[in-house]
Amino acid sequence: MKIHFSNQGNLRNFQAFVRSLDFSDPSKLEITTHDKWITVHPAHLVLAAALAVKVGKQNAAILGDIPDTGRYLDRMGLYKFTKTPSTFAYSEKEPAGRFVPLSEIKTADDQSCFIPEMVPLLHLSEQNAIVVKYIFSELVRNVLEHSLSPYGAIVAAQYYKKTNRISIGICDTGIGIWKSMRENWQPKTDLDAIRLALTPGITGTTRNEGGSIENGGAGLFFTKSMAKITRSYFAIYSGSAEYTLLKHRSDIKGTPTLYADPFRDRHTATNDAPAFEGTLVAVDISLDETPELTALLNIISQVYDDAIKERKRAKFKGPKFI
């Protein structure tokens, strides 16, 4: 397998990155970079780390002359997943408030450790930060419960102070979205499966619309909605399909409309990408607390509160024996 980090590594160009991937030799991973400048999103890093874990550290390498901007790969911890020693001088830098390096999440305990690391990056009010943490907790929980990957998930995050934006990538090398949806929804293609996964109320665990008590089928929808409301990007890649939510046009005034069908949003999509065995989710979110974002977070907070109440009711609904 081969991954190339270019000098245009942002979510706007995510589909181009996906098309450049080479999975022809699944026994090893080779990572190369642009010879003068590297720009990478956490999405690129989590994919590389997840594949490195899958093939084994001794079969993963970073090749070629790495430019000075490649120091970011070292800072985010990518070298630790490969057999290639870093050529950059070590310097102790406190990540809190700026980035969360590549982290492996295999258990609920790992998840509990990751979320507090992400807190300083949120730069939101306490109530809104709780809601955002809930969303990403749900995304990671879904990976642990439904991807069936023995390697868990790889997560990374970066905060950009200049634009007050957080970028997050979550990747697993599990069964992929199509297989997780197959039993209950029978999607014809990987892109059909992604469309279902992004539709609120649909989850792979049940045929019932609205999901179940444990899986409401709204985590991805809310994450995409946060990107749209803040005029940012969102991307998801699984199997041979890739979907990118494009930035809401700045010349269109008013609050962006949220659609249940992700294909009604301004987006790009393909169903002939290099076939990836797993799922990658990436998002950029502006952390400016606009009225639109606050309103959406209030809705998510209500959904969260309702879900907790429903779970409590279900817990005590069963028969009691004396």
# chains A, B, ... in the order shown; residues from 1 in each chain; ligands from 1
>>> closest_atom_pairs(of="stretch 135-249 of chain A", to="stretch 68-90 of chain A", cutoff="12 Å", atoms="only C-alpha atoms", output="CSV")
residue,atom,partner,partner_atom,distance
A:Ile154,CA,A:Phe81,CA,11.1
A:Val155,CA,A:Met76,CA,10.8
A:Ala156,CA,A:Met76,CA,8.0
A:Ala157,CA,A:Met76,CA,9.1
A:Gln158,CA,A:Met76,CA,9.3
>>> write_last_selection(atoms="all heavy atoms", output="PDB file, in the first residue's frame")
ATOM      1  N   ILE A 154      -8.269   4.853  15.210  1.00  0.00           N
ATOM      2  CA  ILE A 154      -7.176   5.820  15.336  1.00  0.00           C
ATOM      3  C   ILE A 154      -7.799   7.208  15.245  1.00  0.00           C
ATOM      4  O   ILE A 154      -8.579   7.488  14.329  1.00  0.00           O
ATOM      5  CB  ILE A 154      -6.125   5.658  14.218  1.00  0.00           C
ATOM      6  CG1 ILE A 154      -5.541   4.241  14.231  1.00  0.00           C
ATOM      7  CG2 ILE A 154      -5.025   6.696  14.394  1.00  0.00           C
ATOM      8  CD1 ILE A 154      -4.669   3.940  15.424  1.00  0.00           C
ATOM      9  N   VAL A 155      -7.458   8.083  16.183  1.00  0.00           N
ATOM     10  CA  VAL A 155      -8.044   9.414  16.247  1.00  0.00           C
ATOM     11  C   VAL A 155      -6.939  10.456  16.367  1.00  0.00           C
ATOM     12  O   VAL A 155      -5.913  10.223  17.024  1.00  0.00           O
ATOM     13  CB  VAL A 155      -9.002   9.539  17.454  1.00  0.00           C
ATOM     14  CG1 VAL A 155      -9.683  10.886  17.466  1.00  0.00           C
ATOM     15  CG2 VAL A 155     -10.037   8.440  17.428  1.00  0.00           C
ATOM     16  N   ALA A 156      -7.138  11.620  15.743  1.00  0.00           N
ATOM     17  CA  ALA A 156      -6.212  12.744  15.885  1.00  0.00           C
ATOM     18  C   ALA A 156      -6.990  14.038  15.692  1.00  0.00           C
ATOM     19  O   ALA A 156      -8.028  14.055  15.016  1.00  0.00           O
ATOM     20  CB  ALA A 156      -5.072  12.651  14.873  1.00  0.00           C
ATOM     21  N   ALA A 157      -6.502  15.114  16.290  1.00  0.00           N
ATOM     22  CA  ALA A 157      -7.190  16.400  16.180  1.00  0.00           C
ATOM     23  C   ALA A 157      -6.180  17.542  16.182  1.00  0.00           C
ATOM     24  O   ALA A 157      -5.102  17.436  16.779  1.00  0.00           O
ATOM     25  CB  ALA A 157      -8.181  16.576  17.321  1.00  0.00           C
ATOM     26  N   GLN A 158      -6.530  18.632  15.515  1.00  0.00           N
ATOM     27  CA  GLN A 158      -5.671  19.812  15.441  1.00  0.00           C
ATOM     28  C   GLN A 158      -6.531  21.057  15.574  1.00  0.00           C
ATOM     29  O   GLN A 158      -7.590  21.164  14.941  1.00  0.00           O
ATOM     30  CB  GLN A 158      -4.928  19.845  14.106  1.00  0.00           C
ATOM     31  CG  GLN A 158      -4.102  21.104  13.876  1.00  0.00           C
ATOM     32  CD  GLN A 158      -2.852  21.141  14.745  1.00  0.00           C
ATOM     33  OE1 GLN A 158      -2.083  20.188  14.736  1.00  0.00           O
ATOM     34  NE2 GLN A 158      -2.649  22.229  15.480  1.00  0.00           N
TER      35      GLN A 158
END
>>> residues_around(residues="A:Thr244", least_positions_apart="2", cutoff="8 Å", atoms="only C-alpha atoms", output="PyMOL selection string")
chain A and resi 11-12+14-15+233-236+242+246+267-269
>>> residues_around(residues="A:Ser238", least_positions_apart="3", cutoff="12 Å", atoms="only C-alpha atoms", output="PyMOL selection string")
chain A and resi 18+47+147+171-180+189-195+197+235+241-243+269-282
>>> write_last_selection(atoms="N, CA, C and O atoms", output="compact mmCIF listing (two decimals), in the first residue's frame")
# COMPACT_ATOMS: atom_id res chain seq x y z
N VAL A 18 -7.72 10.70 -1.89
CA VAL A 18 -8.24 9.33 -1.90
C VAL A 18 -7.89 8.64 -3.21
O VAL A 18 -7.47 7.47 -3.23
N LEU A 47 -5.54 7.74 8.68
CA LEU A 47 -5.58 6.66 7.69
C LEU A 47 -4.22 5.97 7.63
O LEU A 47 -4.14 4.73 7.64
N SER A 147 -17.55 -1.74 13.92
CA SER A 147 -16.58 -1.93 12.84
C SER A 147 -16.02 -3.35 12.82
O SER A 147 -15.54 -3.83 11.81
N CYS A 171 -10.47 6.94 12.12
CA CYS A 171 -10.35 5.89 11.11
C CYS A 171 -10.30 4.52 11.75
O CYS A 171 -9.70 4.33 12.82
N ASP A 172 -10.92 3.54 11.09
CA ASP A 172 -10.79 2.15 11.50
C ASP A 172 -10.57 1.29 10.27
O ASP A 172 -10.84 1.72 9.15
N THR A 173 -10.06 0.09 10.47
CA THR A 173 -9.85 -0.85 9.37
C THR A 173 -10.75 -2.07 9.58
O THR A 173 -10.32 -3.21 9.51
N GLY A 174 -12.02 -1.77 9.85
CA GLY A 174 -13.00 -2.82 10.11
C GLY A 174 -13.74 -3.26 8.86
O GLY A 174 -13.21 -3.23 7.76
N ILE A 175 -15.02 -3.61 9.04
CA ILE A 175 -15.78 -4.21 7.95
C ILE A 175 -16.30 -3.18 6.96
O ILE A 175 -16.74 -3.54 5.86
N GLY A 176 -16.29 -1.91 7.32
CA GLY A 176 -16.79 -0.89 6.42
C GLY A 176 -18.28 -0.67 6.55
O GLY A 176 -19.01 -1.48 7.15
N ILE A 177 -18.76 0.43 5.97
CA ILE A 177 -20.16 0.82 6.14
C ILE A 177 -21.11 -0.11 5.39
O ILE A 177 -22.17 -0.47 5.89
N TRP A 178 -20.73 -0.52 4.19
CA TRP A 178 -21.64 -1.36 3.39
C TRP A 178 -21.98 -2.65 4.13
O TRP A 178 -23.15 -3.04 4.22
N LYS A 179 -20.98 -3.32 4.68
CA LYS A 179 -21.24 -4.57 5.39
C LYS A 179 -22.04 -4.33 6.66
O LYS A 179 -22.87 -5.17 7.05
N SER A 180 -21.80 -3.20 7.33
CA SER A 180 -22.55 -2.94 8.56
C SER A 180 -24.01 -2.63 8.27
O SER A 180 -24.88 -2.83 9.12
N THR A 189 -24.66 -0.23 -3.34
CA THR A 189 -23.26 0.16 -3.51
C THR A 189 -22.71 0.75 -2.22
O THR A 189 -23.45 1.05 -1.28
N ASP A 190 -21.39 0.95 -2.19
CA ASP A 190 -20.76 1.60 -1.03
C ASP A 190 -21.28 3.02 -0.85
O ASP A 190 -21.46 3.49 0.27
N LEU A 191 -21.53 3.72 -1.96
CA LEU A 191 -22.04 5.09 -1.86
C LEU A 191 -23.47 5.10 -1.33
O LEU A 191 -23.84 5.99 -0.55
N ASP A 192 -24.28 4.11 -1.72
CA ASP A 192 -25.62 3.99 -1.14
C ASP A 192 -25.54 3.80 0.37
O ASP A 192 -26.34 4.35 1.13
N ALA A 193 -24.55 3.01 0.81
CA ALA A 193 -24.38 2.75 2.23
C ALA A 193 -23.99 4.02 2.97
O ALA A 193 -24.49 4.30 4.08
N ILE A 194 -23.10 4.81 2.39
CA ILE A 194 -22.71 6.09 3.01
C ILE A 194 -23.91 7.02 3.09
O ILE A 194 -24.12 7.70 4.10
N ARG A 195 -24.71 7.04 2.03
CA ARG A 195 -25.91 7.88 2.04
C ARG A 195 -26.83 7.50 3.18
O ARG A 195 -27.37 8.36 3.89
N ALA A 197 -25.91 5.96 5.97
CA ALA A 197 -25.24 6.24 7.24
C ALA A 197 -25.34 7.70 7.63
O ALA A 197 -25.33 8.03 8.82
N ALA A 235 -15.99 14.91 5.45
CA ALA A 235 -15.72 13.85 4.47
C ALA A 235 -15.85 12.49 5.12
O ALA A 235 -15.56 12.32 6.31
N ALA A 241 -16.31 4.11 -1.96
CA ALA A 241 -17.07 5.36 -1.99
C ALA A 241 -16.44 6.43 -1.12
O ALA A 241 -15.90 6.15 -0.04
N GLU A 242 -16.55 7.67 -1.61
CA GLU A 242 -16.08 8.83 -0.84
C GLU A 242 -17.07 9.96 -1.04
O GLU A 242 -17.55 10.20 -2.15
N TYR A 243 -17.42 10.63 0.07
CA TYR A 243 -18.37 11.75 0.04
C TYR A 243 -17.74 12.93 0.76
O TYR A 243 -17.22 12.78 1.87
N ALA A 269 -18.97 13.39 -4.68
CA ALA A 269 -19.03 11.98 -4.27
C ALA A 269 -18.54 11.11 -5.40
O ALA A 269 -18.67 11.46 -6.58
N THR A 270 -17.99 9.96 -5.05
CA THR A 270 -17.57 9.00 -6.05
C THR A 270 -17.81 7.60 -5.52
O THR A 270 -17.79 7.37 -4.31
N ASN A 271 -18.04 6.68 -6.44
CA ASN A 271 -18.21 5.28 -6.06
C ASN A 271 -17.14 4.39 -6.70
O ASN A 271 -17.27 3.18 -6.73
N ASP A 272 -16.07 5.04 -7.22
CA ASP A 272 -15.00 4.26 -7.85
C ASP A 272 -13.63 4.63 -7.29
O ASP A 272 -12.63 4.62 -8.00
N ALA A 273 -13.59 4.94 -6.00
CA ALA A 273 -12.32 5.22 -5.32
C ALA A 273 -11.59 3.90 -5.05
O ALA A 273 -12.20 2.83 -5.08
N PRO A 274 -10.29 3.95 -4.78
CA PRO A 274 -9.58 2.73 -4.37
C PRO A 274 -10.29 2.09 -3.18
O PRO A 274 -10.62 2.77 -2.20
N ALA A 275 -10.55 0.79 -3.27
CA ALA A 275 -11.36 0.11 -2.25
C ALA A 275 -10.63 0.04 -0.91
O ALA A 275 -9.60 -0.61 -0.78
N PHE A 276 -11.20 0.70 0.09
CA PHE A 276 -10.62 0.76 1.43
C PHE A 276 -11.43 -0.10 2.38
O PHE A 276 -12.64 0.10 2.54
N GLU A 277 -10.79 -1.06 3.02
CA GLU A 277 -11.46 -1.93 3.98
C GLU A 277 -11.48 -1.25 5.34
O GLU A 277 -10.60 -1.43 6.16
N GLY A 278 -12.49 -0.46 5.55
CA GLY A 278 -12.63 0.28 6.80
C GLY A 278 -13.45 1.52 6.57
O GLY A 278 -14.15 1.66 5.56
N THR A 279 -13.40 2.45 7.52
CA THR A 279 -14.15 3.70 7.42
C THR A 279 -13.31 4.84 7.96
O THR A 279 -12.68 4.72 9.01
N LEU A 280 -13.32 5.94 7.24
CA LEU A 280 -12.62 7.15 7.65
C LEU A 280 -13.61 8.30 7.67
O LEU A 280 -14.33 8.53 6.70
N VAL A 281 -13.66 9.01 8.79
CA VAL A 281 -14.53 10.18 8.93
C VAL A 281 -13.65 11.37 9.29
O VAL A 281 -12.79 11.27 10.17
N ALA A 282 -13.86 12.49 8.60
CA ALA A 282 -13.06 13.69 8.85
C ALA A 282 -13.96 14.91 8.85
O ALA A 282 -14.94 14.98 8.09
>>> select_by_dssp(residues="stretch 35-259 of chain A", states="strand (DSSP E)", output="ChimeraX atom specification")
/A:60-62,99-105,153-160,165-172,234-239,241-245
>>> write_last_selection(atoms="N, CA and C atoms", output="JSON list (two decimals), in the first residue's frame")
[["chain", "number", "residue", "atom", "x", "y", "z"],
["A", 60, "ALA", "N", 5.82, -1.03, 7.82],
["A", 60, "ALA", "CA", 5.40, 0.32, 7.47],
["A", 60, "ALA", "C", 6.60, 1.25, 7.52],
["A", 61, "ALA", "N", 6.76, 2.08, 6.49],
["A", 61, "ALA", "CA", 7.93, 2.96, 6.42],
["A", 61, "ALA", "C", 7.58, 4.31, 5.80],
["A", 62, "ILE", "N", 8.29, 5.34, 6.25],
["A", 62, "ILE", "CA", 8.21, 6.68, 5.65],
["A", 62, "ILE", "C", 9.45, 6.85, 4.80],
["A", 99, "PHE", "N", -3.26, 20.47, 19.77],
["A", 99, "PHE", "CA", -3.48, 19.26, 19.00],
["A", 99, "PHE", "C", -3.52, 18.04, 19.91],
["A", 100, "VAL", "N", -4.17, 17.01, 19.40],
["A", 100, "VAL", "CA", -4.16, 15.70, 20.03],
["A", 100, "VAL", "C", -3.45, 14.77, 19.05],
["A", 101, "PRO", "N", -2.28, 14.24, 19.42],
["A", 101, "PRO", "CA", -1.54, 13.38, 18.50],
["A", 101, "PRO", "C", -2.29, 12.08, 18.22],
["A", 102, "LEU", "N", -1.82, 11.35, 17.24],
["A", 102, "LEU", "CA", -2.44, 10.08, 16.87],
["A", 102, "LEU", "C", -2.61, 9.19, 18.10],
["A", 103, "SER", "N", -3.83, 8.74, 18.31],
["A", 103, "SER", "CA", -4.15, 7.95, 19.49],
["A", 103, "SER", "C", -4.92, 6.71, 19.09],
["A", 104, "GLU", "N", -4.54, 5.57, 19.65],
["A", 104, "GLU", "CA", -5.25, 4.32, 19.41],
["A", 104, "GLU", "C", -6.34, 4.16, 20.47],
["A", 105, "ILE", "N", -7.54, 3.86, 20.02],
["A", 105, "ILE", "CA", -8.66, 3.65, 20.93],
["A", 105, "ILE", "C", -9.23, 2.26, 20.67],
["A", 153, "ALA", "N", -9.89, 2.04, 16.79],
["A", 153, "ALA", "CA", -9.91, 3.26, 15.99],
["A", 153, "ALA", "C", -8.64, 4.07, 16.22],
["A", 154, "ILE", "N", -8.27, 4.85, 15.21],
["A", 154, "ILE", "CA", -7.18, 5.82, 15.34],
["A", 154, "ILE", "C", -7.80, 7.21, 15.25],
["A", 155, "VAL", "N", -7.46, 8.08, 16.18],
["A", 155, "VAL", "CA", -8.04, 9.41, 16.25],
["A", 155, "VAL", "C", -6.94, 10.46, 16.37],
["A", 156, "ALA", "N", -7.14, 11.62, 15.74],
["A", 156, "ALA", "CA", -6.21, 12.74, 15.89],
["A", 156, "ALA", "C", -6.99, 14.04, 15.69],
["A", 157, "ALA", "N", -6.50, 15.11, 16.29],
["A", 157, "ALA", "CA", -7.19, 16.40, 16.18],
["A", 157, "ALA", "C", -6.18, 17.54, 16.18],
["A", 158, "GLN", "N", -6.53, 18.63, 15.51],
["A", 158, "GLN", "CA", -5.67, 19.81, 15.44],
["A", 158, "GLN", "C", -6.53, 21.06, 15.57],
["A", 159, "TYR", "N", -6.07, 21.99, 16.42],
["A", 159, "TYR", "CA", -6.76, 23.28, 16.56],
["A", 159, "TYR", "C", -5.93, 24.36, 15.87],
["A", 160, "TYR", "N", -6.62, 25.19, 15.07],
["A", 160, "TYR", "CA", -5.97, 26.27, 14.34],
["A", 160, "TYR", "C", -6.44, 27.60, 14.93],
["A", 165, "ARG", "N", -10.54, 27.10, 14.33],
["A", 165, "ARG", "CA", -11.12, 25.89, 13.73],
["A", 165, "ARG", "C", -10.47, 24.65, 14.33],
["A", 166, "ILE", "N", -11.27, 23.61, 14.49],
["A", 166, "ILE", "CA", -10.74, 22.33, 14.90],
["A", 166, "ILE", "C", -10.95, 21.33, 13.76],
["A", 167, "SER", "N", -9.93, 20.52, 13.49],
["A", 167, "SER", "CA", -10.00, 19.48, 12.47],
["A", 167, "SER", "C", -9.78, 18.14, 13.15],
["A", 168, "ILE", "N", -10.62, 17.18, 12.80],
["A", 168, "ILE", "CA", -10.58, 15.87, 13.47],
["A", 168, "ILE", "C", -10.66, 14.76, 12.43],
["A", 169, "GLY", "N", -9.92, 13.69, 12.66],
["A", 169, "GLY", "CA", -9.98, 12.50, 11.83],
["A", 169, "GLY", "C", -10.16, 11.27, 12.69],
["A", 170, "ILE", "N", -11.04, 10.36, 12.27],
["A", 170, "ILE", "CA", -11.28, 9.08, 12.95],
["A", 170, "ILE", "C", -11.27, 7.98, 11.90],
["A", 171, "CYS", "N", -10.47, 6.94, 12.12],
["A", 171, "CYS", "CA", -10.35, 5.89, 11.11],
["A", 171, "CYS", "C", -10.30, 4.52, 11.75],
["A", 172, "ASP", "N", -10.92, 3.54, 11.09],
["A", 172, "ASP", "CA", -10.79, 2.15, 11.50],
["A", 172, "ASP", "C", -10.57, 1.29, 10.27],
["A", 234, "PHE", "N", -16.70, 18.37, 5.55],
["A", 234, "PHE", "CA", -16.89, 17.06, 6.17],
["A", 234, "PHE", "C", -16.64, 16.01, 5.09],
["A", 235, "ALA", "N", -15.99, 14.91, 5.45],
["A", 235, "ALA", "CA", -15.72, 13.85, 4.47],
["A", 235, "ALA", "C", -15.85, 12.49, 5.12],
["A", 236, "ILE", "N", -16.28, 11.51, 4.32],
["A", 236, "ILE", "CA", -16.37, 10.13, 4.78],
["A", 236, "ILE", "C", -15.96, 9.22, 3.64],
["A", 237, "TYR", "N", -15.20, 8.19, 3.98],
["A", 237, "TYR", "CA", -14.61, 7.29, 2.98],
["A", 237, "TYR", "C", -14.72, 5.86, 3.49],
["A", 238, "SER", "N", -15.34, 4.99, 2.69],
["A", 238, "SER", "CA", -15.46, 3.58, 3.07],
["A", 238, "SER", "C", -15.68, 2.75, 1.83],
["A", 239, "GLY", "N", -15.02, 1.61, 1.73],
["A", 239, "GLY", "CA", -15.13, 0.80, 0.53],
["A", 239, "GLY", "C", -14.61, 1.57, -0.66],
["A", 241, "ALA", "N", -16.31, 4.11, -1.96],
["A", 241, "ALA", "CA", -17.07, 5.36, -1.99],
["A", 241, "ALA", "C", -16.44, 6.43, -1.12],
["A", 242, "GLU", "N", -16.55, 7.67, -1.61],
["A", 242, "GLU", "CA", -16.08, 8.83, -0.84],
["A", 242, "GLU", "C", -17.07, 9.96, -1.04],
["A", 243, "TYR", "N", -17.42, 10.63, 0.07],
["A", 243, "TYR", "CA", -18.37, 11.75, 0.04],
["A", 243, "TYR", "C", -17.74, 12.93, 0.76],
["A", 244, "THR", "N", -17.76, 14.09, 0.14],
["A", 244, "THR", "CA", -17.26, 15.31, 0.77],
["A", 244, "THR", "C", -18.34, 16.38, 0.77],
["A", 245, "LEU", "N", -18.71, 16.85, 1.94],
["A", 245, "LEU", "CA", -19.59, 18.01, 2.06],
["A", 245, "LEU", "C", -18.76, 19.24, 1.77]]
>>> select_by_dssp(residues="stretch 27-265 of chain A", states="helix (DSSP H, G or I)", output="NGL selection string")
:A and (42-55 or 57-59 or 68-75 or 78-81 or 108-122 or 126-146 or 176-185 or 190-197 or 219-229 or 262-264)
>>> closest_residue(among="A:His123, A:Lys162, A:Lys224, A:Arg182", to="A:Leu139", atoms="only C-alpha atoms")
A:Lys224
